[in-house]
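Asker: What follows is model35.csv; its format and atoms are CSV, C-alpha atoms.
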chain,number,residue,atom,x,y,z
A,315,MET,CA,-7.0,19.0,23.2
A,316,VAL,CA,-5.7,15.5,23.9
A,317,ARG,CA,-2.4,14.4,25.4
A,318,LEU,CA,-1.0,11.0,24.8
A,319,ARG,CA,1.6,10.3,27.4
A,320,GLY,CA,4.0,7.6,28.6
A,321,ALA,CA,4.9,6.0,25.3
A,322,THR,CA,8.0,6.2,23.0
A,323,VAL,CA,7.2,8.5,20.1
A,324,VAL,CA,8.7,7.3,16.8
A,325,GLY,CA,9.8,10.5,15.1
A,326,PRO,CA,11.1,10.8,11.5
A,327,GLU,CA,14.7,10.7,12.6
A,328,GLY,CA,14.7,9.1,16.1
A,329,LEU,CA,12.9,8.1,19.2
A,330,VAL,CA,11.5,10.3,22.0
A,331,PRO,CA,11.2,8.0,25.0
A,332,ASP,CA,8.7,8.5,27.8
A,333,ALA,CA,7.1,11.3,25.7
A,334,ALA,CA,3.9,13.3,25.6
A,335,LEU,CA,2.2,14.0,22.2
A,336,VAL,CA,-0.4,16.7,22.2
A,337,ILE,CA,-3.2,16.7,19.6
A,338,ALA,CA,-5.1,20.0,19.1
A,339,GLY,CA,-7.9,19.7,16.6
A,340,ASP,CA,-6.7,17.6,13.7
A,341,THR,CA,-3.0,18.3,14.1
A,342,ILE,CA,0.0,17.5,16.3
A,343,ALA,CA,0.6,20.5,18.5
A,344,GLU,CA,3.5,19.3,20.6
A,345,ILE,CA,5.9,16.4,21.2
A,346,THR,CA,7.9,16.7,24.5
A,347,ALA,CA,9.2,14.8,27.3
A,348,ASP,CA,6.4,13.6,29.6
A,349,THR,CA,6.2,16.0,32.6
A,350,GLY,CA,3.5,14.1,34.5
A,351,PRO,CA,-0.3,13.8,34.4
A,352,SER,CA,-2.7,16.5,33.2
A,353,ALA,CA,-6.4,16.9,32.7
A,354,HIS,CA,-6.2,15.9,29.0
A,355,ASP,CA,-4.3,12.6,29.4
A,356,ILE,CA,-4.6,9.3,27.7
A,357,ALA,CA,-2.1,6.9,29.3
A,358,CYS,CA,0.0,4.9,26.8
A,359,ASP,CA,2.5,3.6,29.3
A,360,GLY,CA,5.1,1.3,27.9
A,361,GLY,CA,3.8,1.5,24.4
A,362,TRP,CA,4.9,3.1,21.1
A,363,ILE,CA,3.3,6.0,19.1
A,364,VAL,CA,4.1,5.6,15.4
A,365,PRO,CA,2.9,7.4,12.3
A,366,GLY,CA,-0.3,5.9,10.9
A,367,PHE,CA,0.4,3.1,8.4
A,368,ILE,CA,-0.2,3.8,4.7
A,369,ASP,CA,-0.9,0.9,2.4
A,370,THR,CA,-0.4,1.8,-1.3
A,371,HIS,CA,-1.5,-1.7,-2.5
A,372,ILE,CA,-4.6,-3.4,-1.0
A,373,HIS,CA,-7.5,-5.1,-2.7
A,374,GLY,CA,-9.7,-5.8,0.3
A,375,VAL,CA,-10.1,-7.2,3.8
A,376,HIS,CA,-12.7,-9.1,5.8
A,377,GLY,CA,-14.5,-10.5,2.7
A,378,LEU,CA,-14.8,-7.1,1.0
A,379,ASP,CA,-13.1,-6.6,-2.4
A,380,VAL,CA,-12.8,-2.9,-3.4
A,381,LEU,CA,-13.5,-3.7,-7.1
A,382,ALA,CA,-16.2,-6.4,-6.8
A,383,ASP,CA,-18.0,-4.5,-4.1
A,384,ALA,CA,-17.5,-1.0,-5.4
A,385,ALA,CA,-21.1,-0.4,-6.3
A,386,SER,CA,-22.3,-1.4,-2.8
A,387,GLY,CA,-20.0,0.7,-0.8
A,388,GLY,CA,-17.1,-1.6,-0.6
A,389,VAL,CA,-14.4,1.1,-0.7
A,390,ALA,CA,-15.9,3.1,2.2
A,391,ALA,CA,-16.5,-0.2,4.1
A,392,VAL,CA,-12.8,-1.2,3.8
A,393,ALA,CA,-11.8,2.3,4.9
A,394,SER,CA,-13.8,1.9,8.1
A,395,ILE,CA,-12.2,-1.5,8.9
A,396,LEU,CA,-8.5,-0.8,8.2
A,397,PRO,CA,-7.9,1.4,11.3
A,398,ARG,CA,-8.1,-1.7,13.6
A,399,TYR,CA,-4.9,-2.7,11.8
A,400,GLY,CA,-3.3,0.8,12.3
A,401,VAL,CA,-4.0,2.0,8.7
A,402,THR,CA,-4.8,5.7,8.4
A,403,GLY,CA,-4.5,6.0,4.6
A,404,PHE,CA,-4.6,3.6,1.7
A,405,LEU,CA,-4.9,3.2,-2.1
A,406,PRO,CA,-7.8,0.8,-3.0
A,407,THR,CA,-6.3,-1.4,-5.7
A,408,SER,CA,-8.1,-3.0,-8.7
A,409,VAL,CA,-7.2,-5.9,-10.9
A,410,ALA,CA,-7.6,-5.8,-14.7
A,411,CYS,CA,-11.3,-5.4,-15.5
A,412,ALA,CA,-13.7,-4.1,-18.2
A,413,PRO,CA,-14.2,-0.3,-18.6
A,414,GLY,CA,-17.6,-0.3,-16.9
A,415,GLU,CA,-16.3,-2.0,-13.8
A,416,LEU,CA,-13.3,0.3,-13.7
A,417,ALA,CA,-15.6,3.4,-14.0
A,418,THR,CA,-17.7,2.2,-11.1
A,419,PHE,CA,-14.7,1.5,-9.0
A,420,LEU,CA,-13.1,4.9,-9.7
A,421,ALA,CA,-16.4,6.7,-8.9
A,422,ALA,CA,-16.5,4.9,-5.6
A,423,VAL,CA,-12.9,5.9,-4.8
A,424,SER,CA,-13.7,9.5,-5.7
A,425,ALA,CA,-16.7,9.5,-3.4
A,426,ALA,CA,-14.9,7.9,-0.5
A,427,ALA,CA,-12.0,10.3,-0.8
A,428,ALA,CA,-14.3,13.3,-0.9
A,429,ASP,CA,-16.2,12.2,2.2
A,430,GLY,CA,-12.9,12.3,4.2
A,431,PRO,CA,-11.8,10.3,7.2
A,432,ALA,CA,-14.9,10.7,9.4
A,433,ASP,CA,-14.6,7.3,11.0
A,434,GLY,CA,-12.0,5.4,9.0
A,435,ALA,CA,-8.8,5.6,7.0
A,436,ARG,CA,-8.2,8.2,4.4
A,437,VAL,CA,-8.7,7.1,0.8
A,438,LEU,CA,-5.7,8.6,-1.0
A,439,GLY,CA,-6.6,7.6,-4.6
A,440,ALA,CA,-6.7,4.4,-6.6
A,441,HIS,CA,-3.9,2.0,-7.6
A,442,LEU,CA,-4.7,0.3,-10.8
A,443,GLU,CA,-3.0,-3.1,-11.5
A,444,SER,CA,-4.1,-2.3,-15.0
A,445,ASN,CA,-5.0,-4.1,-18.1
A,446,PHE,CA,-1.6,-3.3,-19.6
A,447,ILE,CA,0.5,-6.1,-18.0
A,448,SER,CA,2.2,-9.2,-19.3
A,449,ALA,CA,0.1,-12.3,-19.9
A,450,ASP,CA,3.1,-14.4,-18.8
A,451,TYR,CA,3.3,-12.7,-15.5
A,452,LYS,CA,-0.3,-11.9,-14.8
A,453,GLY,CA,-0.6,-14.1,-11.7
A,454,ALA,CA,-4.2,-14.0,-10.5
A,455,GLN,CA,-5.2,-11.2,-13.0
A,456,PRO,CA,-7.9,-12.2,-15.5
A,457,ALA,CA,-6.3,-13.0,-18.9
A,458,ARG,CA,-9.5,-12.0,-20.7
A,459,CYS,CA,-9.1,-8.4,-19.6
A,460,LEU,CA,-5.5,-7.9,-20.6
A,461,ARG,CA,-4.9,-5.4,-23.4
A,462,LEU,CA,-2.0,-3.8,-25.3
A,463,PRO,CA,-1.4,-0.1,-24.7
A,464,PRO,CA,-3.5,2.0,-27.1
A,465,ALA,CA,-2.2,2.5,-30.7
A,466,PRO,CA,-3.0,5.6,-32.7
A,467,GLY,CA,-6.3,5.4,-34.4
A,468,GLU,CA,-7.4,2.3,-32.5
A,469,PRO,CA,-11.2,2.2,-31.8
A,470,LEU,CA,-12.9,1.8,-28.4
A,471,GLU,CA,-14.1,-1.7,-29.5
A,472,ARG,CA,-12.8,-4.4,-31.8
A,473,ASP,CA,-14.5,-7.7,-32.5
A,474,GLY,CA,-17.2,-7.0,-29.9
A,475,THR,CA,-14.8,-6.3,-27.0
A,476,PHE,CA,-13.1,-3.3,-25.5
A,477,THR,CA,-9.6,-2.2,-26.4
A,478,GLY,CA,-6.9,-0.4,-24.5
A,479,VAL,CA,-8.3,2.8,-25.8
A,480,ALA,CA,-11.5,2.3,-23.8
A,481,ILE,CA,-9.5,1.6,-20.6
A,482,LEU,CA,-7.4,4.7,-21.1
A,483,ALA,CA,-10.6,6.8,-21.8
A,484,THR,CA,-12.0,5.5,-18.5
A,485,ILE,CA,-8.8,6.5,-16.7
A,486,ASP,CA,-9.0,10.0,-18.3
A,487,ALA,CA,-12.6,10.4,-17.4
A,488,HIS,CA,-11.8,9.7,-13.7
A,489,SER,CA,-8.3,11.1,-13.7
A,490,GLY,CA,-8.6,12.7,-10.3
A,491,ALA,CA,-9.2,9.3,-8.6
A,492,VAL,CA,-6.2,7.6,-10.1
A,493,ARG,CA,-2.9,7.8,-8.2
A,494,ILE,CA,-0.8,4.7,-9.4
A,495,VAL,CA,-1.0,2.7,-12.6
A,496,THR,CA,0.9,-0.6,-12.9
A,497,LEU,CA,2.0,-1.6,-16.4
A,498,ALA,CA,4.5,-3.9,-18.1
A,499,PRO,CA,7.1,-1.7,-19.9
A,500,GLU,CA,8.0,-4.3,-22.6
A,501,LEU,CA,4.6,-4.2,-24.2
A,502,PRO,CA,4.3,-2.4,-27.6
A,503,GLY,CA,3.5,1.2,-27.0
A,504,ALA,CA,4.2,1.1,-23.3
A,505,LEU,CA,6.8,3.8,-23.3
A,506,ASP,CA,4.4,6.2,-24.9
A,507,LEU,CA,1.8,5.2,-22.3
A,508,VAL,CA,4.3,5.9,-19.5
A,509,THR,CA,4.9,9.4,-20.9
A,510,ARG,CA,1.2,10.1,-21.3
A,511,LEU,CA,0.2,8.9,-17.8
A,512,THR,CA,3.0,10.8,-16.1
A,513,SER,CA,2.1,13.9,-17.9
A,514,ARG,CA,-1.4,13.7,-16.5
A,515,GLY,CA,-0.1,13.4,-12.9
A,516,HIS,CA,-0.3,9.6,-12.5
A,517,ARG,CA,2.5,7.6,-10.9
A,518,VAL,CA,3.6,4.8,-13.2
A,519,SER,CA,4.6,1.6,-11.5
A,520,LEU,CA,6.5,-1.2,-13.3
A,521,GLY,CA,5.2,-4.7,-12.5
A,522,HIS,CA,3.5,-7.9,-13.7
A,523,SER,CA,6.2,-7.8,-16.3
A,524,ALA,CA,8.9,-9.8,-18.2
A,525,ALA,CA,10.9,-6.7,-18.9
A,526,SER,CA,14.6,-6.9,-19.4
A,527,PHE,CA,17.0,-4.6,-17.5
A,528,GLU,CA,17.2,-2.3,-20.6
A,529,GLU,CA,13.5,-2.2,-21.1
A,530,ALA,CA,12.9,-1.3,-17.5
A,531,GLN,CA,15.6,1.4,-17.7
A,532,ALA,CA,13.9,2.9,-20.7
A,533,ALA,CA,10.6,3.1,-18.8
A,534,ILE,CA,12.3,4.7,-15.8
A,535,ALA,CA,13.9,7.3,-18.2
A,536,ALA,CA,10.4,7.9,-19.6
A,537,GLY,CA,9.1,8.7,-16.1
A,538,ALA,CA,8.2,5.5,-14.3
A,539,CYS,CA,9.1,5.9,-10.6
A,540,HIS,CA,7.4,3.1,-8.8
A,541,ALA,CA,7.6,-0.7,-8.8
A,542,THR,CA,4.8,-3.1,-8.0
A,543,HIS,CA,5.6,-5.8,-5.4
A,544,LEU,CA,9.3,-6.2,-6.1
A,545,PHE,CA,10.4,-9.7,-6.9
A,546,ASN,CA,6.8,-11.0,-7.4
A,547,ARG,CA,5.4,-11.5,-10.9
A,548,MET,CA,8.7,-10.6,-12.6
A,549,PRO,CA,11.7,-12.7,-13.7
A,550,PRO,CA,14.1,-13.6,-10.9
A,551,LEU,CA,17.1,-11.5,-10.3
A,552,SER,CA,20.2,-12.9,-12.0
A,553,HIS,CA,23.8,-11.7,-11.9
A,554,ARG,CA,24.0,-11.7,-15.7
A,555,ALA,CA,20.4,-10.8,-16.5
A,556,PRO,CA,19.3,-8.4,-13.7
A,557,GLY,CA,16.0,-7.8,-15.4
A,558,LEU,CA,13.2,-5.6,-14.0
A,559,ALA,CA,14.1,-6.3,-10.4
A,560,GLY,CA,17.7,-5.3,-10.9
A,561,ALA,CA,16.8,-2.1,-12.7
A,562,VAL,CA,14.5,-1.1,-9.8
A,563,LEU,CA,17.2,-1.8,-7.2
A,564,ALA,CA,19.7,0.2,-9.2
A,565,ALA,CA,17.5,3.2,-9.8
A,566,ASP,CA,17.4,5.9,-7.1
A,567,ALA,CA,14.4,7.5,-8.6
A,568,VAL,CA,12.2,4.4,-8.1
A,569,THR,CA,10.3,3.5,-5.0
A,570,CYS,CA,9.6,-0.2,-4.8
A,571,GLU,CA,6.8,-1.9,-3.0
A,572,ILE,CA,7.5,-5.1,-1.0
A,573,VAL,CA,4.8,-7.4,0.2
A,574,ALA,CA,5.8,-7.6,3.9
A,575,ASP,CA,4.2,-10.9,4.9
A,576,GLY,CA,7.3,-13.0,5.1
A,577,TYR,CA,6.0,-15.4,2.4
A,578,HIS,CA,5.9,-13.4,-0.8
A,579,VAL,CA,9.5,-12.3,-0.2
A,580,HIS,CA,11.9,-14.0,2.2
A,581,PRO,CA,13.0,-11.7,5.1
A,582,ALA,CA,16.6,-12.1,3.9
A,583,MET,CA,15.7,-10.7,0.5
A,584,MET,CA,13.8,-7.9,2.1
A,585,ARG,CA,16.9,-6.9,4.0
A,586,VAL,CA,18.9,-7.0,0.7
A,587,ALA,CA,16.4,-4.7,-1.0
A,588,ILE,CA,16.2,-2.3,1.9
A,589,ARG,CA,20.0,-2.1,2.1
A,590,ALA,CA,20.1,-1.4,-1.7
A,591,LYS,CA,17.3,1.2,-1.7
A,592,GLY,CA,17.5,2.7,1.7
A,593,ARG,CA,14.5,3.3,3.9
A,594,GLY,CA,13.3,6.1,1.6
A,595,GLY,CA,13.2,3.7,-1.4
A,596,VAL,CA,11.0,0.9,-0.1
A,597,ALA,CA,7.3,1.0,0.8
A,598,ALA,CA,6.0,-2.0,2.7
A,599,ILE,CA,2.6,-3.1,1.4
A,600,THR,CA,0.1,-5.9,2.2
A,601,ASP,CA,-1.2,-6.6,-1.3
A,602,ALA,CA,-4.0,-8.0,0.8
A,603,ALA,CA,-7.0,-9.6,-0.8
A,604,ALA,CA,-10.5,-9.8,0.6
A,605,ALA,CA,-9.4,-13.0,2.2
A,606,ALA,CA,-7.4,-11.1,4.8
A,607,GLY,CA,-8.9,-11.4,8.2
A,608,LEU,CA,-11.0,-14.5,7.3
A,609,PRO,CA,-10.4,-18.0,8.8
A,610,PRO,CA,-8.4,-20.7,6.9
A,611,GLY,CA,-10.4,-22.2,4.1
A,612,ALA,CA,-12.8,-19.3,3.8
A,613,THR,CA,-13.6,-18.0,0.4
A,614,ALA,CA,-13.8,-14.4,-1.0
A,615,ARG,CA,-13.5,-12.5,-4.2
A,616,LEU,CA,-10.7,-10.9,-6.1
A,617,GLY,CA,-12.5,-9.0,-8.8
A,618,ASP,CA,-14.8,-11.6,-10.2
A,619,ALA,CA,-12.6,-14.6,-9.3
A,620,THR,CA,-13.2,-16.8,-6.3
A,621,ILE,CA,-10.2,-17.0,-3.9
A,622,ARG,CA,-9.7,-18.9,-0.7
A,623,VAL,CA,-7.6,-18.4,2.5
A,624,GLY,CA,-4.6,-20.7,2.2
A,625,ALA,CA,-1.9,-21.5,4.7
A,626,HIS,CA,0.3,-18.5,3.8
A,627,CYS,CA,-1.7,-16.4,1.3
A,628,ALA,CA,-4.9,-16.1,-0.8
A,629,GLU,CA,-5.1,-18.5,-3.6
A,630,LEU,CA,-7.2,-19.3,-6.7
A,631,ALA,CA,-8.7,-22.7,-7.1
A,632,ASP,CA,-5.6,-23.9,-9.0
A,633,GLY,CA,-3.2,-22.8,-6.2
A,634,THR,CA,-2.1,-19.6,-7.9
A,635,ILE,CA,-1.2,-16.9,-5.4
A,636,ALA,CA,-3.9,-14.3,-5.4
A,637,GLY,CA,-2.6,-11.7,-2.9
A,638,SER,CA,-1.7,-11.8,0.8
A,639,ILE,CA,-3.7,-12.4,3.9
A,640,THR,CA,-1.6,-10.1,6.1
A,641,THR,CA,-2.3,-6.7,7.6
A,642,MET,CA,-0.2,-3.6,8.1
A,643,ASP,CA,0.3,-4.0,11.8
A,644,ALA,CA,1.6,-7.6,11.1
A,645,ALA,CA,3.9,-6.1,8.4
A,646,PHE,CA,5.3,-3.7,11.0
A,647,ARG,CA,5.9,-6.5,13.4
A,648,LEU,CA,7.6,-8.5,10.7
A,649,LEU,CA,9.9,-5.6,9.9
A,650,VAL,CA,11.1,-5.2,13.4
A,651,THR,CA,11.5,-8.9,14.2
A,652,ALA,CA,12.2,-11.2,11.3
A,653,VAL,CA,13.7,-8.5,9.1
A,654,GLY,CA,15.5,-6.9,12.1
A,655,LEU,CA,14.9,-3.2,11.3
A,656,PRO,CA,15.1,-0.4,13.9
A,657,VAL,CA,11.7,0.8,14.8
A,658,VAL,CA,12.3,4.2,13.1
A,659,ASP,CA,13.2,2.5,9.8
A,660,ALA,CA,10.1,0.3,10.1
A,661,ALA,CA,8.0,3.4,10.5
A,662,HIS,CA,9.6,4.9,7.3
A,663,LEU,CA,8.7,1.7,5.3
A,664,THR,CA,5.1,1.5,6.6
A,665,ALA,CA,4.2,5.2,6.7
A,666,THR,CA,6.8,7.9,5.7
A,667,THR,CA,8.0,6.5,2.4
A,668,PRO,CA,4.5,5.4,1.1
A,669,ALA,CA,3.1,8.8,2.1
A,670,ALA,CA,5.8,10.6,0.1
A,671,ALA,CA,5.3,8.2,-2.9
A,672,VAL,CA,1.6,9.1,-3.2
A,673,GLY,CA,2.3,12.8,-3.0
A,674,ARG,CA,1.3,13.3,0.7
A,675,PRO,CA,4.5,14.2,2.6
A,676,ASP,CA,2.3,15.8,5.2
A,677,LEU,CA,1.2,12.3,6.3
A,678,GLY,CA,3.3,9.4,7.5
A,679,ARG,CA,5.4,11.3,10.0
A,680,LEU,CA,5.0,12.5,13.6
A,681,ALA,CA,6.0,16.2,13.7
A,682,VAL,CA,4.5,19.3,15.0
A,683,GLY,CA,2.0,20.9,12.6
A,684,HIS,CA,1.4,17.7,10.7
A,685,PRO,CA,-2.0,15.9,10.7
A,686,ALA,CA,-2.6,13.8,13.8
A,687,ASP,CA,-2.7,10.5,11.9
A,688,LEU,CA,-1.0,8.0,14.3
A,689,VAL,CA,-1.2,4.6,15.9
A,690,VAL,CA,-0.7,3.8,19.6
A,691,LEU,CA,0.9,0.3,19.9
A,692,ASP,CA,1.5,-1.7,23.0
A,693,ALA,CA,4.9,-3.1,23.9
A,694,GLY,CA,4.4,-6.0,21.6
A,695,PHE,CA,3.4,-3.8,18.6
A,696,ARG,CA,-0.3,-4.6,18.7
A,697,VAL,CA,-2.7,-1.8,17.8
A,698,ARG,CA,-4.2,-0.1,20.9
A,699,GLN,CA,-5.6,3.0,19.2
A,700,THR,CA,-5.7,4.5,15.8
A,701,TRP,CA,-6.1,8.2,15.3
A,702,VAL,CA,-7.0,9.9,12.0
A,703,ALA,CA,-7.2,13.7,11.7
A,704,GLY,CA,-7.1,14.0,15.5
A,705,GLN,CA,-10.0,11.6,16.0
A,706,CYS,CA,-9.7,8.2,17.7
A,707,VAL,CA,-11.3,5.8,15.1
A,708,TRP,CA,-10.2,2.6,16.7
A,709,ASN,CA,-9.7,1.7,20.3
A,710,ASN,CA,-8.5,-1.8,21.5
A,711,GLU,CA,-6.6,-2.9,24.5
A,712,GLY,CA,-4.3,-5.2,22.5
A,713,GLY,CA,-1.9,-7.8,23.8
A,714,ALA,CA,1.8,-8.8,23.8
A,715,ALA,CA,3.1,-10.0,20.5
A,716,VAL,CA,6.9,-10.0,20.6
A,717,SER,CA,9.5,-9.7,23.3
A,718,PRO,CA,11.1,-6.3,23.7
A,719,ALA,CA,14.4,-8.2,23.5
A,720,GLU,CA,13.6,-8.8,19.8
A,721,VAL,CA,13.3,-5.1,19.0
A,722,ARG,CA,16.1,-2.8,17.8
A,723,SER,CA,15.8,0.8,18.7
Kindly present the structure from the file in structure tokens form.

Answerer:
Amino acid sequence: MVRLRGATVVGPEGLVPDAALVIAGDTIAEITADTGPSAHDIACDGGWIVPGFIDTHIHGVHGLDVLADAASGGVAAVASILPRYGVTGFLPTSVACAPGELATFLAAVSAAAADGPADGARVLGAHLESNFISADYKGAQPARCLRLPPAPGEPLERDGTFTGVAILATIDAHSGAVRIVTLAPELPGALDLVTRLTSRGHRVSLGHSAASFEEAQAAIAAGACHATHLFNRMPPLSHRAPGLAGAVLAADAVTCEIVADGYHVHPAMMRVAIRAKGRGGVAAITDAAAAAGLPPGATARLGDATIRVGAHCAELADGTIAGSITTMDAAFRLLVTAVGLPVVDAAHLTATTPAAAVGRPDLGRLAVGHPADLVVLDAGFRVRQTWVAGQCVWNNEGGAAVSPAEVRS
């Protein structure tokens, strides 16, 4: 038994100041007012205890890319690094690639998920930024790997290269590893693909797309319930042509990701989206590339492309944005400072909402009987400790980051 005491516990609906949180085995056994020292104490005086962060969209960190390094243990290595940033669960995210690379990646995700959270973050399945996206809104995705959704009778190969059938066959072969699939709903055959993927238990996400408002609505009616990095790699929101972004903001059934680095989306637009969707409709993500955690000017990989650490994000050689360089603890700090969210709402966006979106409502909330996946933050919202399944997997003294006066309770 372990007792974390002296911090403010951020519960699903409110704060418990000067509290004690008791961990018994791998679960939360008790959350009460602090009654003084005991033999099982870890002092967290003046800090915060929040649900462990869950990142549903991350390509890598510290020079490791989950796709490019899949064969050499990259997924498990990223899982071991992420707790230092407060992450207790994540979806390794791929870019468009060939069937063989995809199979290797999904096998690595399955293996890392099966091994469990022994000393790192939980691997909660894969997010595929798939081959079925718009060439006009591909961003840093490799154009040579983009394909149309499979058509009836289409072969696995045509003219010496793979087709959409081969990609879908690979997804089917590793179905248990796939949690989210991003696609562009305006492509020919996309609505049938939405229906097929959702019927197999995958969560379809709309993104990297030129879809009109009506095309997006049709995909949502077909079962799409997620949106990939809202506002990024889709047409801008317009009052006469709301497009994909407008359809997502108007649909209660859709959870939208927002890259919470303050650069991909302006904090003011983040506030607009959060007010439209509510805290249960927005999942803060990093969309971090392997460049995250590296010094300015350093290079890394995104799939088989070389990227570098720019001033605000990861970039291809031509300056194309290639993911972020932020981390989930920094995203949390941004939400409570620049965006101005109450701490409870920030915890929903970084933990509770993404956990529910990936089918794990047992995670992402601090409540008795739930898994002891949590983060101890100091007064400035720097990570002091990260706990996964009742085990402390990261321990750091931390330091002040923001003034308490900047924080809304």

Asker: Which residues, written as a VMD selection string, have at least one atom at most 9 Å from stretch 388-396 of chain A, with all atoms listed in the file counted and residues fewer than 5 positions away on the same chain left out?

Answerer: chain A and resid 374 to 376 378 to 383 401 to 404 406 419 422 to 423 425 to 427 431 to 437 641 to 642 707

Asker: From the options A:Pro668, A:Pro326, A:Gly633, A:Gly361, which residue's atoms come nearest to A:Ile621, counting all atoms listed in the file?

Answerer: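 Among the listed residues, the smallest separation from A:Ile621 belongs to A:Gly633.
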
Asker: Interatomic distance between atom CA of A:Arg547 and atom CA of A:Ser523?

Answerer: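 Interatomic distance here is 6.6 Å.
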
Asker: Excluding A:Cys570 and residues on its chain fewer than 2 positions from it, collect all residues at most 6 Å away from it, counting all atoms listed in the file, and give them as a list of chain:residue names.

Answerer: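 In the requested form, the answer reads A:His540, A:Ala541, A:Val596.
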
Asker: Could you save the residues just selected, with C-alpha atoms, as a PDB file, in the coordinates of the input?

Answerer:
ATOM      1  CA  HIS A 540       7.400   3.100  -8.800  1.00  0.00           C
ATOM      2  CA  ALA A 541       7.600  -0.700  -8.800  1.00  0.00           C
ATOM      3  CA  VAL A 596      11.000   0.900  -0.100  1.00  0.00           C
TER       4      VAL A 596
END

Asker: Smallest atom-to-atom distance to A:Ala603: which of A:Leu680, A:Ile635, A:Ile572, A:Phe695, using all atoms listed in the file?

Answerer: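 Distance minimum relative to A:Ala603 lands on A:Ile635.
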
Asker: What does the distance from atom CA of A:Ala564 to atom CA of A:Thr600 come to in Å, to one decimal?

Answerer: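 Computed distance, atom CA of A:Ala564 to atom CA of A:Thr600, equals 23.5 Å.
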
Asker: Would you list the contacts of A:Val682 as a list of chain:residue names, taking every protein, DNA or RNA residue within 10 Å and counting all atoms listed in the file, but skipping same-chain residues closer than 4 positions in sequence?

Answerer: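 Those residues are A:Leu335, A:Val336, A:Ile337, A:Thr341, A:Ile342, A:Ala343, A:Glu344, A:Ile345, A:Ala686.
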
Asker: Name all residues at most 8 Å from A:Ala412 (count all atoms listed in the file; drop same-chain ones fewer than 4 positions away) and give them as a VMD selection string.

Answerer: chain A and resid 416 459 476 481

Asker: Between atom CA of A:Leu482 and atom CA of A:Ala536, what distance in Å does the model show, to one decimal?

Answerer: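 Between atom CA of A:Leu482 and atom CA of A:Ala536 the gap works out to 18.1 Å.
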
Asker: Would you mind telling me which residue in A:Asp506, A:Asp618, A:Glu571, A:Asp486 lies nearest to A:Pro464 when using all atoms listed in the file?

Answerer: A:Asp506

Asker: Of the residues A:Cys358, A:Met583, A:Asp566, A:Gly339, which is the one nearest to A:Ala652, using all atoms listed in the file?

Answerer: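 Closest candidate: A:Met583.
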
Asker: So, with all atoms listed in the file as the atoms that count, which of A:Glu468, A:Asp348, A:Glu443, A:Asp359 lies closest to A:Gly617?

Answerer: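 Ranked by minimum distance to A:Gly617, first place goes to A:Glu443.
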
Asker: Which centre and which edge lengths, in Å to one decimal, describe the axis-aligned box that holds all listed atoms of stretch 603-620 of chain A after 6 Å is added on each side, as AutoDock Vina command-line options?

Answerer:
--center_x -10.9 --center_y -15.6 --center_z -0.7 --size_x 19.8 --size_y 25.2 --size_z 31.0
